[in-house]
file target_27.cif (mmCIF, C-alpha atoms)
data_protein
#
loop_
_atom_site.label_atom_id
_atom_site.label_comp_id
_atom_site.auth_asym_id
_atom_site.auth_seq_id
_atom_site.Cartn_x
_atom_site.Cartn_y
_atom_site.Cartn_z
CA MET P 1241 135.67 -38.78 28.38
CA LYS P 1242 132.54 -36.65 27.96
CA LYS P 1243 133.45 -36.06 24.33
CA LEU P 1244 133.75 -39.80 23.74
CA ILE P 1245 130.34 -40.45 25.32
CA THR P 1246 128.78 -37.68 23.20
CA LEU P 1247 130.43 -39.12 20.07
CA PHE P 1248 129.13 -42.58 20.92
CA LYS P 1249 125.60 -41.26 21.59
CA ASN P 1250 125.57 -39.39 18.27
CA ALA P 1251 126.78 -42.46 16.38
CA ALA P 1252 124.14 -44.64 18.08
CA GLU P 1253 121.42 -42.12 17.21
CA LYS P 1254 122.54 -42.02 13.55
CA LEU P 1255 122.50 -45.82 13.45
CA ARG P 1256 119.02 -45.88 15.02
CA LEU P 1257 117.69 -43.42 12.43
CA TRP P 1258 119.35 -45.37 9.62
CA PHE P 1259 117.69 -48.63 10.75
CA GLY P 1260 114.38 -46.80 11.13
CA SER P 1261 114.48 -45.54 7.55
CA HIS P 1262 115.84 -48.79 6.02
CA ARG P 1263 113.41 -51.34 7.38
CA GLN P 1264 113.45 -53.27 4.12
CA VAL P 1265 117.10 -54.11 4.76
CA ILE P 1266 116.09 -55.53 8.15
CA GLU P 1267 113.37 -57.60 6.45
CA TYR P 1268 115.92 -59.15 4.08
CA VAL P 1269 118.35 -60.10 6.84
CA ASP P 1270 115.93 -60.90 9.67
CA GLY P 1271 116.41 -64.64 9.07
CA LEU P 1272 119.78 -64.17 10.71
CA LEU P 1273 118.34 -63.28 14.11
CA PHE P 1274 114.88 -61.68 14.38
CA SER P 1275 113.20 -64.48 12.37
CA ASN P 1276 115.83 -67.13 12.95
CA PRO P 1277 114.42 -70.47 11.71
CA VAL P 1278 115.44 -72.38 14.85
CA LEU P 1279 115.29 -69.85 17.67
CA ILE P 1280 112.22 -67.82 16.66
CA GLU P 1281 110.25 -69.81 14.09
CA GLY P 1282 110.79 -73.18 15.82
CA LEU P 1283 111.73 -75.01 12.60
CA ALA P 1284 114.45 -77.64 12.14
CA ILE P 1285 114.47 -78.25 15.91
CA ALA P 1286 115.35 -81.97 15.67
CA PRO P 1287 118.79 -81.60 14.06
CA ALA P 1288 119.59 -78.50 16.16
CA VAL P 1289 118.75 -80.24 19.44
CA ALA P 1290 119.85 -83.83 18.92
CA ALA P 1291 122.65 -83.74 16.35
CA THR P 1292 124.76 -80.76 17.47
CA GLN P 1293 126.88 -82.84 19.82
CA ASN P 1294 130.07 -81.47 18.29
CA LEU P 1295 131.20 -78.88 15.77
CA LYS P 1296 131.81 -81.44 13.01
CA SER P 1297 128.19 -82.63 13.13
CA ALA P 1298 127.04 -79.02 13.11
CA VAL P 1299 129.07 -78.27 9.96
CA ILE P 1300 127.67 -81.37 8.21
CA LEU P 1301 124.12 -80.34 9.14
CA SER P 1302 124.80 -76.81 7.90
CA ILE P 1303 125.95 -78.05 4.49
CA GLY P 1304 122.91 -80.34 4.33
CA PHE P 1305 120.51 -77.56 5.28
CA VAL P 1306 121.84 -75.06 2.74
CA TRP P 1307 121.88 -77.61 -0.11
CA LEU P 1308 118.55 -79.30 0.60
CA VAL P 1309 116.41 -76.44 1.88
CA VAL P 1310 117.44 -73.70 -0.54
CA LEU P 1311 117.23 -75.86 -3.68
CA ASP P 1312 114.07 -77.69 -2.63
CA VAL P 1313 112.22 -74.49 -1.73
CA VAL P 1314 113.21 -72.79 -5.00
CA ILE P 1315 112.21 -75.80 -7.13
CA VAL P 1316 108.86 -76.29 -5.38
CA ARG P 1317 108.14 -72.53 -5.40
CA TYR P 1318 108.39 -72.35 -9.19
CA ALA P 1319 107.46 -75.86 -10.35
CA PHE P 1320 104.52 -76.53 -8.02
CA ALA P 1321 103.11 -73.07 -7.32
CA ARG P 1322 99.68 -73.97 -8.68
CA ALA P 1323 99.55 -77.49 -7.28
CA ASP P 1324 97.43 -78.67 -4.36
CA GLU P 1325 98.97 -78.60 -0.87
CA GLU P 1326 99.07 -82.41 -0.77
CA VAL P 1327 100.88 -82.64 -4.10
CA ARG P 1328 103.33 -79.98 -2.91
CA THR P 1329 104.06 -81.93 0.29
CA ILE P 1330 104.84 -85.10 -1.65
CA ALA P 1331 106.86 -83.10 -4.20
CA CYS P 1332 108.92 -81.48 -1.40
CA ALA P 1333 109.77 -84.90 0.02
CA LEU P 1334 110.57 -86.52 -3.34
CA ILE P 1335 112.71 -83.62 -4.58
CA GLY P 1336 114.51 -83.51 -1.22
CA ALA P 1337 115.21 -87.25 -1.40
CA VAL P 1338 116.62 -86.92 -4.92
CA LEU P 1339 118.81 -83.95 -3.92
CA PHE P 1340 120.01 -85.90 -0.87
CA VAL P 1341 121.74 -88.60 -2.94
CA PRO P 1342 124.54 -86.48 -4.53
CA MET P 1343 124.89 -84.49 -1.31
CA ALA P 1344 125.44 -87.65 0.75
CA TYR P 1345 128.07 -88.91 -1.68
CA ALA P 1346 129.85 -85.54 -1.59
CA LEU P 1347 129.74 -85.42 2.22
CA ARG P 1348 131.16 -88.96 2.42
CA GLY P 1349 134.15 -87.68 0.47
CA MET P 1350 134.71 -84.87 2.99
CA PHE P 1351 133.61 -86.71 6.14
CA PRO P 1352 134.09 -90.49 5.72
CA PHE P 1353 131.95 -91.40 8.75
CA VAL P 1354 129.09 -89.02 8.00
CA SER P 1355 126.42 -91.65 8.70
CA ASN P 1356 127.83 -92.26 12.19
CA THR P 1357 128.42 -88.57 12.90
CA VAL P 1358 124.93 -87.23 12.22
CA GLY P 1359 122.89 -90.44 11.91
CA LEU P 1360 119.29 -89.95 10.88
CA TYR P 1361 119.29 -86.17 11.46
CA LEU P 1362 120.62 -85.35 8.02
CA PRO P 1363 118.09 -87.47 6.08
CA ILE P 1364 115.14 -86.21 8.13
CA MET P 1365 115.76 -82.69 6.79
CA ILE P 1366 114.11 -84.05 3.63
CA VAL P 1367 110.73 -84.03 5.40
CA ASP P 1368 111.44 -81.17 7.78
CA SER P 1369 108.69 -78.59 8.09
CA VAL P 1370 111.09 -75.76 7.17
CA ILE P 1371 110.99 -76.74 3.48
CA LEU P 1372 107.20 -76.95 3.24
CA SER P 1373 106.55 -73.82 5.30
CA LYS P 1374 109.03 -71.69 3.33
CA SER P 1375 107.77 -72.82 -0.06
CA GLU P 1376 104.14 -72.21 1.02
CA LEU P 1377 105.13 -68.77 2.30
CA TYR P 1378 106.86 -67.71 -0.92
CA ILE P 1379 104.00 -69.01 -3.07
CA GLU P 1380 101.47 -67.10 -0.98
CA LEU P 1381 103.43 -63.84 -0.74
CA GLN P 1382 104.62 -63.90 -4.37
CA HIS P 1383 108.00 -62.43 -3.47
CA GLY P 1384 110.37 -61.53 -6.28
CA LYS P 1385 113.38 -63.75 -7.03
CA PHE P 1386 115.91 -61.39 -5.43
CA ARG P 1387 113.96 -61.02 -2.21
CA MET P 1388 113.29 -64.75 -1.96
CA PHE P 1389 116.96 -65.53 -2.57
CA MET P 1390 118.11 -63.01 0.05
CA GLU P 1391 115.64 -64.28 2.63
CA LEU P 1392 116.60 -67.92 2.00
CA LEU P 1393 120.28 -67.02 2.17
CA PHE P 1394 119.97 -65.25 5.51
CA HIS P 1395 117.68 -67.93 6.95
CA SER P 1396 120.34 -70.48 6.00
CA ILE P 1397 123.10 -68.37 7.57
CA GLY P 1398 120.93 -68.03 10.68
CA PHE P 1399 120.58 -71.81 10.93
CA VAL P 1400 124.31 -72.32 10.33
CA LEU P 1401 125.25 -69.83 13.06
CA VAL P 1402 122.90 -71.41 15.60
CA VAL P 1403 123.92 -75.04 15.01
CA CYS P 1404 127.65 -74.19 14.90
CA LEU P 1405 127.33 -72.26 18.16
CA LEU P 1406 125.43 -75.16 19.75
CA GLY P 1407 127.92 -77.70 18.42
CA THR P 1408 130.94 -75.75 19.66
CA LEU P 1409 129.53 -75.13 23.13
CA ARG P 1410 128.29 -78.68 23.62
CA GLU P 1411 131.56 -80.20 22.42
CA LEU P 1412 133.50 -77.93 24.78
CA MET P 1413 131.27 -78.81 27.74
CA ALA P 1414 130.98 -82.53 26.98
CA TYR P 1415 134.49 -83.39 25.81
CA GLY P 1416 136.68 -80.29 26.31
CA THR P 1417 137.52 -80.23 22.58
CA VAL P 1418 136.70 -78.22 19.46
CA TRP P 1419 136.68 -80.17 16.17
CA GLY P 1420 138.23 -83.07 18.09
CA VAL P 1421 141.20 -80.97 19.26
CA SER P 1422 141.66 -80.51 23.00
CA VAL P 1423 141.61 -76.86 24.11
CA GLY P 1424 142.60 -77.41 27.72
CA ILE P 1425 139.09 -77.03 29.20
CA THR P 1426 137.88 -79.63 31.70
CA PRO P 1427 134.68 -81.22 30.34
CA ILE P 1428 131.59 -80.95 32.54
CA SER P 1429 129.77 -84.17 31.62
CA THR P 1430 129.09 -86.24 28.50
CA ALA P 1431 125.39 -85.86 29.35
CA VAL P 1432 125.64 -82.42 27.70
CA ALA P 1433 125.67 -84.28 24.37
CA LEU P 1434 122.21 -85.79 25.05
CA PRO P 1435 119.02 -84.30 23.52
CA PHE P 1436 117.65 -82.94 26.82
CA PHE P 1437 120.57 -80.50 27.10
CA GLY P 1438 120.00 -79.49 23.50
CA PHE P 1439 116.41 -78.56 24.40
CA PHE P 1440 117.67 -76.46 27.33
CA MET P 1441 120.29 -74.67 25.20
CA VAL P 1442 117.92 -73.92 22.33
CA GLY P 1443 115.24 -72.79 24.82
CA PHE P 1444 117.58 -70.32 26.54
CA LEU P 1445 119.06 -69.06 23.26
CA SER P 1446 115.53 -68.57 21.94
CA ALA P 1447 114.58 -66.52 25.02
CA LEU P 1448 117.75 -64.43 24.66
CA THR P 1449 117.01 -63.79 20.99
CA LYS P 1450 113.40 -62.80 21.74
CA ALA P 1451 114.57 -60.37 24.43
CA PHE P 1452 117.17 -58.85 22.10
CA THR P 1453 114.64 -58.56 19.24
CA LYS P 1454 112.13 -56.81 21.50
CA ARG P 1455 114.81 -54.34 22.73
CA PHE P 1456 116.06 -53.71 19.21
CA TYR P 1457 112.65 -52.83 17.79
CA HIS P 1458 111.88 -50.73 20.87
CA TRP P 1459 115.17 -48.89 20.29
CA ILE P 1460 114.62 -48.13 16.62
CA ASN P 1461 110.99 -47.12 17.19
CA LYS P 1462 111.52 -44.86 20.21
CA ARG P 1463 110.91 -41.13 19.98
CA PRO P 1464 113.78 -38.78 20.99
CA ALA P 1465 113.55 -37.59 24.64
CA LYS P 1466 112.03 -34.12 25.38
CA ALA P 1467 115.42 -32.83 26.66
CA ASP P 1468 117.05 -33.73 23.34
CA ILE P 1469 114.25 -31.99 21.38
CA SER P 1470 114.59 -28.78 23.40
CA GLU P 1471 118.40 -28.86 22.97
CA GLU P 1472 117.99 -29.15 19.19
CA GLU P 1473 115.45 -26.32 19.13
CA SER P 1474 117.75 -24.01 21.16
CA GLU P 1475 120.70 -24.85 18.81
CA ASN P 1476 118.56 -24.04 15.74
CA GLU P 1477 117.58 -20.66 17.27
CA MET B 133 104.70 -117.86 18.29
CA SER B 134 105.03 -116.45 21.81
CA SER B 135 108.52 -115.12 20.98
CA VAL B 136 106.99 -113.24 18.01
CA TYR B 137 104.42 -111.59 20.31
CA SER B 138 106.98 -110.83 23.01
CA ASN B 139 109.38 -109.33 20.43
CA PHE B 140 106.58 -107.19 19.03
CA ILE B 141 105.48 -105.93 22.45
CA LEU B 142 109.05 -105.38 23.67
CA TYR B 143 109.99 -103.19 20.70
CA ALA B 144 106.70 -101.32 20.94
CA LEU B 145 107.37 -100.52 24.60
CA ILE B 146 110.94 -99.47 23.80
CA ALA B 147 109.61 -97.08 21.15
CA ILE B 148 106.96 -95.62 23.49
CA PHE B 149 109.24 -95.02 26.48
CA ALA B 150 113.00 -95.46 26.07
CA GLU B 151 113.23 -94.31 22.43
CA ASN B 152 110.32 -91.89 22.44
CA ALA B 153 110.14 -89.92 19.18
CA ILE B 154 109.94 -86.54 20.92
CA PHE B 155 111.72 -86.91 24.25
CA SER B 156 114.60 -89.19 23.19
CA ARG B 157 114.96 -88.29 19.52
CA SER B 158 113.39 -84.76 19.34
CA LEU B 159 111.54 -85.75 16.16
CA ALA B 160 108.46 -83.83 14.93
CA VAL B 161 108.78 -81.21 17.68
CA GLU B 162 107.67 -78.48 15.23
CA ARG B 163 104.49 -80.40 14.44
CA THR B 164 103.85 -80.82 18.18
CA LEU B 165 104.25 -77.10 18.79
CA GLN B 166 101.72 -76.37 16.05
CA LEU B 167 99.18 -78.82 17.50
CA VAL B 168 99.39 -78.11 21.25
CA ASP B 169 96.52 -75.62 21.21
CA ASP B 170 93.87 -78.18 20.23
CA GLN B 171 93.90 -81.47 22.12
CA ARG B 172 91.31 -83.13 19.89
CA SER B 173 93.30 -82.37 16.74
CA LEU B 174 96.40 -83.52 18.53
CA LEU B 175 94.90 -86.91 19.38
CA ALA B 176 93.53 -87.32 15.86
CA PHE B 177 96.88 -86.39 14.32
CA GLY B 178 98.76 -88.77 16.59
CA LEU B 179 96.46 -91.66 15.74
CA LEU B 180 96.67 -90.79 12.06
CA THR B 181 100.49 -90.86 12.30
CA THR B 182 100.28 -94.32 13.90
CA VAL B 183 97.95 -95.54 11.14
CA CYS B 184 100.38 -94.20 8.50
CA LEU B 185 103.37 -95.84 10.19
CA ALA B 186 101.91 -99.36 10.21
CA PRO B 187 101.74 -100.04 6.44
CA ALA B 188 104.74 -97.78 5.75
CA SER B 189 106.91 -99.87 8.09
CA VAL B 190 106.03 -103.10 6.27
CA LEU B 191 106.60 -101.64 2.79
CA THR B 192 109.88 -99.92 3.71
CA TYR B 193 111.12 -103.14 5.35
CA PHE B 194 110.85 -104.95 2.01
CA ALA B 195 111.83 -101.90 -0.07
CA GLY B 196 115.02 -101.52 1.95
CA LYS B 197 116.09 -104.98 0.80
CA LEU B 198 116.04 -103.76 -2.82
CA ILE B 199 119.06 -101.53 -2.23
CA PRO B 200 122.11 -103.35 -3.67
CA GLU B 201 124.58 -104.60 -1.08
CA GLY B 202 127.64 -102.71 -2.27
CA ALA B 203 125.78 -99.39 -2.62
CA PHE B 204 126.01 -96.44 -0.22
CA VAL B 205 122.86 -97.25 1.72
CA TYR B 206 122.90 -93.97 3.68
CA ALA B 207 122.44 -92.00 0.43
CA LEU B 208 119.91 -94.26 -1.30
CA ARG B 209 117.74 -95.34 1.62
CA PRO B 210 115.91 -91.98 2.02
CA LEU B 211 114.91 -91.96 -1.67
CA VAL B 212 113.61 -95.55 -1.54
CA PHE B 213 111.72 -94.82 1.68
CA VAL B 214 110.14 -91.58 0.44
CA ILE B 215 108.90 -93.37 -2.69
CA SER B 216 107.46 -96.13 -0.46
CA MET B 217 105.80 -93.55 1.79
CA ALA B 218 104.30 -91.85 -1.27
CA LEU B 219 102.86 -95.20 -2.45
CA VAL B 220 101.40 -95.93 1.00
CA TYR B 221 99.94 -92.42 1.06
CA LEU B 222 98.23 -92.94 -2.30
CA VAL B 223 96.70 -96.23 -1.13
CA LEU B 224 95.48 -94.65 2.11
CA ARG B 225 94.09 -91.68 0.19
CA VAL B 226 92.14 -93.95 -2.14
CA GLY B 227 90.83 -95.97 0.82
CA ILE B 228 89.80 -92.85 2.75
CA ASN B 229 88.08 -91.33 -0.29
CA ALA B 230 86.20 -94.60 -0.83
CA ALA B 231 84.97 -94.55 2.78
CA SER B 232 84.18 -90.81 2.74
CA SER B 233 80.44 -91.24 2.28
CA ALA B 234 80.14 -93.50 5.32
CA PHE B 235 82.11 -91.30 7.75
CA LYS B 236 81.69 -87.71 6.57
CA ASP B 237 82.92 -85.88 9.73
CA LEU B 238 85.84 -88.21 10.23
CA TYR B 239 86.74 -87.97 6.54
CA LYS B 240 87.01 -84.17 6.73
CA LYS B 241 89.34 -84.36 9.76
CA ILE B 242 91.55 -87.07 8.31
CA SER B 243 91.62 -85.78 4.76
CA ASP B 244 93.16 -82.41 5.62
CA ASP B 245 95.97 -83.85 7.76
CA LEU B 246 96.83 -87.11 6.04
CA HIS B 247 99.74 -85.73 3.99
CA LEU B 248 101.22 -84.01 7.07
CA ALA B 249 100.80 -87.17 9.15
CA MET B 250 102.60 -89.27 6.56
CA PHE B 251 105.44 -86.91 5.62
CA ASN B 252 106.87 -85.82 8.93
CA SER B 253 110.11 -86.51 10.76
CA ALA B 254 108.49 -88.82 13.37
CA VAL B 255 107.41 -91.27 10.64
CA PHE B 256 110.52 -90.93 8.51
CA GLY B 257 112.88 -91.04 11.47
CA SER B 258 111.24 -94.19 12.90
CA LEU B 259 111.50 -95.96 9.54
CA ILE B 260 115.18 -95.04 9.17
CA LEU B 261 115.91 -96.17 12.74
CA CYS B 262 114.37 -99.58 12.09
CA SER B 263 116.28 -100.02 8.85
CA SER B 264 119.65 -98.87 10.20
CA GLY B 265 119.16 -101.07 13.28
CA GLN B 266 118.45 -104.03 10.95
CA PHE B 267 115.27 -104.99 12.77
CA THR B 268 113.23 -107.99 11.70
CA LEU B 269 109.73 -107.45 10.26
CA VAL B 270 108.06 -108.08 13.62
CA GLN B 271 110.48 -105.74 15.44
CA THR B 272 109.99 -103.07 12.74
CA LEU B 273 106.22 -103.27 13.01
CA GLY B 274 106.32 -103.19 16.82
CA PHE B 275 108.79 -100.30 16.93
CA CYS B 276 106.89 -98.21 14.39
CA LEU B 277 103.51 -98.73 16.04
CA GLY B 278 105.12 -97.93 19.38
CA SER B 279 106.68 -94.79 17.87
CA GLY B 280 103.26 -93.61 16.72
CA ILE B 281 101.70 -94.28 20.12
CA GLY B 282 104.70 -92.73 21.90
CA PHE B 283 104.45 -89.64 19.69
CA THR B 284 100.73 -89.29 20.51
CA VAL B 285 101.30 -89.71 24.26
CA ALA B 286 104.24 -87.28 24.22
CA THR B 287 102.27 -84.59 22.39
CA LEU B 288 99.41 -84.96 24.90
CA TYR B 289 101.91 -84.49 27.74
CA VAL B 290 103.38 -81.42 26.06
CA ALA B 291 99.91 -79.96 25.43
CA GLU B 292 98.87 -80.48 29.05
CA GLY B 293 102.11 -78.90 30.23
CA GLN B 294 101.55 -75.95 27.91
CA ARG B 295 98.06 -75.48 29.32
CA LYS B 296 99.44 -75.33 32.89
CA ILE B 297 102.37 -73.07 31.95
CA ARG B 298 99.97 -70.56 30.37
CA ASN B 299 98.34 -70.07 33.77
CA ARG B 300 101.67 -69.23 35.39
CA GLU B 301 103.62 -66.00 35.34
CA VAL B 302 106.30 -66.65 32.77
CA PRO B 303 108.80 -63.86 31.86
CA GLY B 304 107.94 -62.27 28.51
CA SER B 305 111.03 -63.52 26.69
CA PHE B 306 110.33 -67.10 27.72
CA LYS B 307 106.68 -67.19 26.62
CA GLY B 308 105.83 -69.54 23.76
CA LEU B 309 108.67 -71.52 22.17
CA PRO B 310 111.42 -71.08 24.83
CA VAL B 311 109.40 -72.32 27.81
CA THR B 312 107.95 -75.19 25.76
CA LEU B 313 111.43 -76.34 24.79
CA LEU B 314 112.58 -76.14 28.42
CA TYR B 315 109.54 -78.18 29.46
CA ILE B 316 110.25 -80.83 26.81
CA GLY B 317 113.90 -80.85 27.93
CA ILE B 318 112.88 -81.60 31.53
CA LEU B 319 110.62 -84.45 30.40
CA SER B 320 113.45 -85.74 28.19
CA LEU B 321 115.77 -85.70 31.21
CA CYS B 322 113.20 -87.77 33.15
CA ILE B 323 113.07 -90.32 30.33
CA TYR B 324 116.85 -90.63 30.39
CA SER B 325 116.91 -91.21 34.12
CA PHE B 326 114.13 -93.77 33.66
CA THR B 327 116.30 -95.66 31.15
CA GLY B 328 119.14 -95.77 33.67
CA TYR B 329 121.48 -93.14 32.23
CA SER B 330 123.61 -91.43 34.85
CA LEU B 331 124.62 -87.77 34.49
CA GLY B 332 127.91 -88.57 36.17
CA ASN B 333 129.12 -90.63 33.16
#
call {"tool": "encode", "arguments": {"input": "target_27.cif", "output": "structure tokens"}}
result
Amino acid sequence: MKKLITLFKNAAEKLRLWFGSHRQVIEYVDGLLFSNPVLIEGLAIAPAVAATQNLKSAVILSIGFVWLVVLDVVIVRYAFARADEEVRTIACALIGAVLFVPMAYALRGMFPFVSNTVGLYLPIMIVDSVILSKSELYIELQHGKFRMFMELLFHSIGFVLVVCLLGTLRELMAYGTVWGVSVGITPISTAVALPFFGFFMVGFLSALTKAFTKRFYHWINKRPAKADISEEESENE
Amino acid sequence: MSSVYSNFILYALIAIFAENAIFSRSLAVERTLQLVDDQRSLLAFGLLTTVCLAPASVLTYFAGKLIPEGAFVYALRPLVFVISMALVYLVLRVGINAASSAFKDLYKKISDDLHLAMFNSAVFGSLILCSSGQFTLVQTLGFCLGSGIGFTVATLYVAEGQRKIRNREVPGSFKGLPVTLLYIGILSLCIYSFTGYSLGN
């Protein structure tokens, strides 16, 4: 048992040192958790809170987010980098509205009642602050294409994970189903599908993520304990 | 004539209370969170949003009728509405620039925020709601003006709540976004009870 614990401690220490020396990797993937667009940055709150009543809606929103946000940000970043902020805002909205048309037709093919399932929460992503804030950020920071792509990819995955988790949990609690299929769980109340519960869930998940982020950075930044240093020194002698 | 006024006022009240942009629809929450630190800016932004909604609601009401009947309205409506909002924005921008010499301080405040006040989810969401609900022109105008006023009132509530929460001992992980979302959730729950929804359903 002691050997196992020692093995585990050594592995954890190696992982901690690896993270400490590869912070750029963390910066690329922090959109997944440490800079999650919904839970930490407070963007795209409306669809996450009000439209994640079930897993199907969450999947539709995820497809919409990835298509609209990634393409819109990339187009605005390169086509309107030198434009005024006002022109960029209008361009974001117009490009998003144009991109929305083929996406809506494609989603109707996969989900025939898409307009009833997600309502206005898919179209409002066109004017969501996530698009404008990300394009402004990449214009200001002048990130390279690879870094921008990686950050957008992991921000999108972060959004997808959060809304799918919210959709699954709320559908289970409100209806006792997942993707419309009963899983044998007694539903709590259909009120779970209302926006107020979405606010509560996102609020608690956000607090949990903040606590985890703080612990993680504390863990990778901590110095080794004095006992460990003296053990290493005696081994070296 | 009295039915026109009563329709207008009824839909405005519905938009302010029962279908509040923030508490019932969670629209423009991000913008609210950015503004809560400065109550004056918050009030100015809310009023600017209301001013943007008024002409936009009229133009989008007529623009929505241009979409052909057999077409997939859900896909085309956002494009038509964004173009209408851009046209309204240009007109407002020209008008504000023309009046800039008369109201210099006001011009500076409005000029910086006009594009954010026009292109946000509270405005866009209200316009889509009116169109998908097939409201008449009077109902659309009442609902949109009510949405703007409701958004302003809601953001003032959230800002006041934020101010009080800051003076309390809140656990570190809950400071900032989490506690604000919980606060908005509680107010949203109050609105739902006010509209007669029962949690037991």
call {"tool": "interface_residues", "arguments": {"input": "target_27.cif", "of": "chain P", "to": "chain B", "cutoff": "8 Å", "atoms": "only C-alpha atoms", "output": "PyMOL selection string"}}
result
chain P and resi 1280+1282-1286+1289-1290+1326+1329-1330+1333-1334+1337-1338+1340-1342+1344-1345+1355+1360+1363-1365+1367-1369+1429-1431+1435-1440+1442-1444+1446-1448+1450-1451
call {"tool": "atom_distance", "arguments": {"input": "target_27.cif", "atom1": "CA of Leu1272 in chain P", "atom2": "CA of Val1299 in chain P"}}
result
16.9 Å
call {"tool": "resolve_selection", "arguments": {"input": "target_27.cif", "expression": "the PyMOL selection byres ((chain P and resi 1373-1379) around 7)", "output": "number ranges by chain"}}
result
P: 1313, 1316-1317, 1321, 1369-1372, 1380-1383
call {"tool": "residues_around", "arguments": {"input": "target_27.cif", "residues": "Ser1396 in chain P", "least_positions_apart": "4", "cutoff": "7 Å", "atoms": "all atoms listed in the file", "output": "list of chain:residue names"}}
result
P:Val1306, P:Leu1392, P:Val1400
call {"tool": "atom_distance", "arguments": {"input": "target_27.cif", "atom1": "CA of Ser1261 in chain P", "atom2": "CA of Gly1384 in chain P"}}
result
21.5 Å
call {"tool": "atom_distance", "arguments": {"input": "target_27.cif", "atom1": "CA of Thr284 in chain B", "atom2": "CA of Leu142 in chain B"}}
result
18.4 Å
call {"tool": "resolve_selection", "arguments": {"input": "target_27.cif", "expression": "the PyMOL selection byres ((chain P and resi 1297) around 9)", "output": "JSON, numbers by chain"}}
result
{"P": [1291, 1292, 1293, 1294, 1295, 1296, 1298, 1299, 1300, 1301, 1302, 1354, 1357, 1358, 1403, 1404, 1407]}
call {"tool": "closest_residue", "arguments": {"input": "target_27.cif", "among": "P:Leu1255, P:Val1265, P:Ile1428, P:Leu1273", "to": "His1395 in chain P", "atoms": "only C-alpha atoms"}}
result
P:Leu1273
call {"tool": "residues_around", "arguments": {"input": "target_27.cif", "residues": "Pro187 in chain B", "least_positions_apart": "2", "cutoff": "12 Å", "atoms": "all atoms listed in the file", "output": "number ranges by chain"}}
result
B: 180-185, 189-194, 216-224, 250, 255, 259, 269, 272-274, 276-277
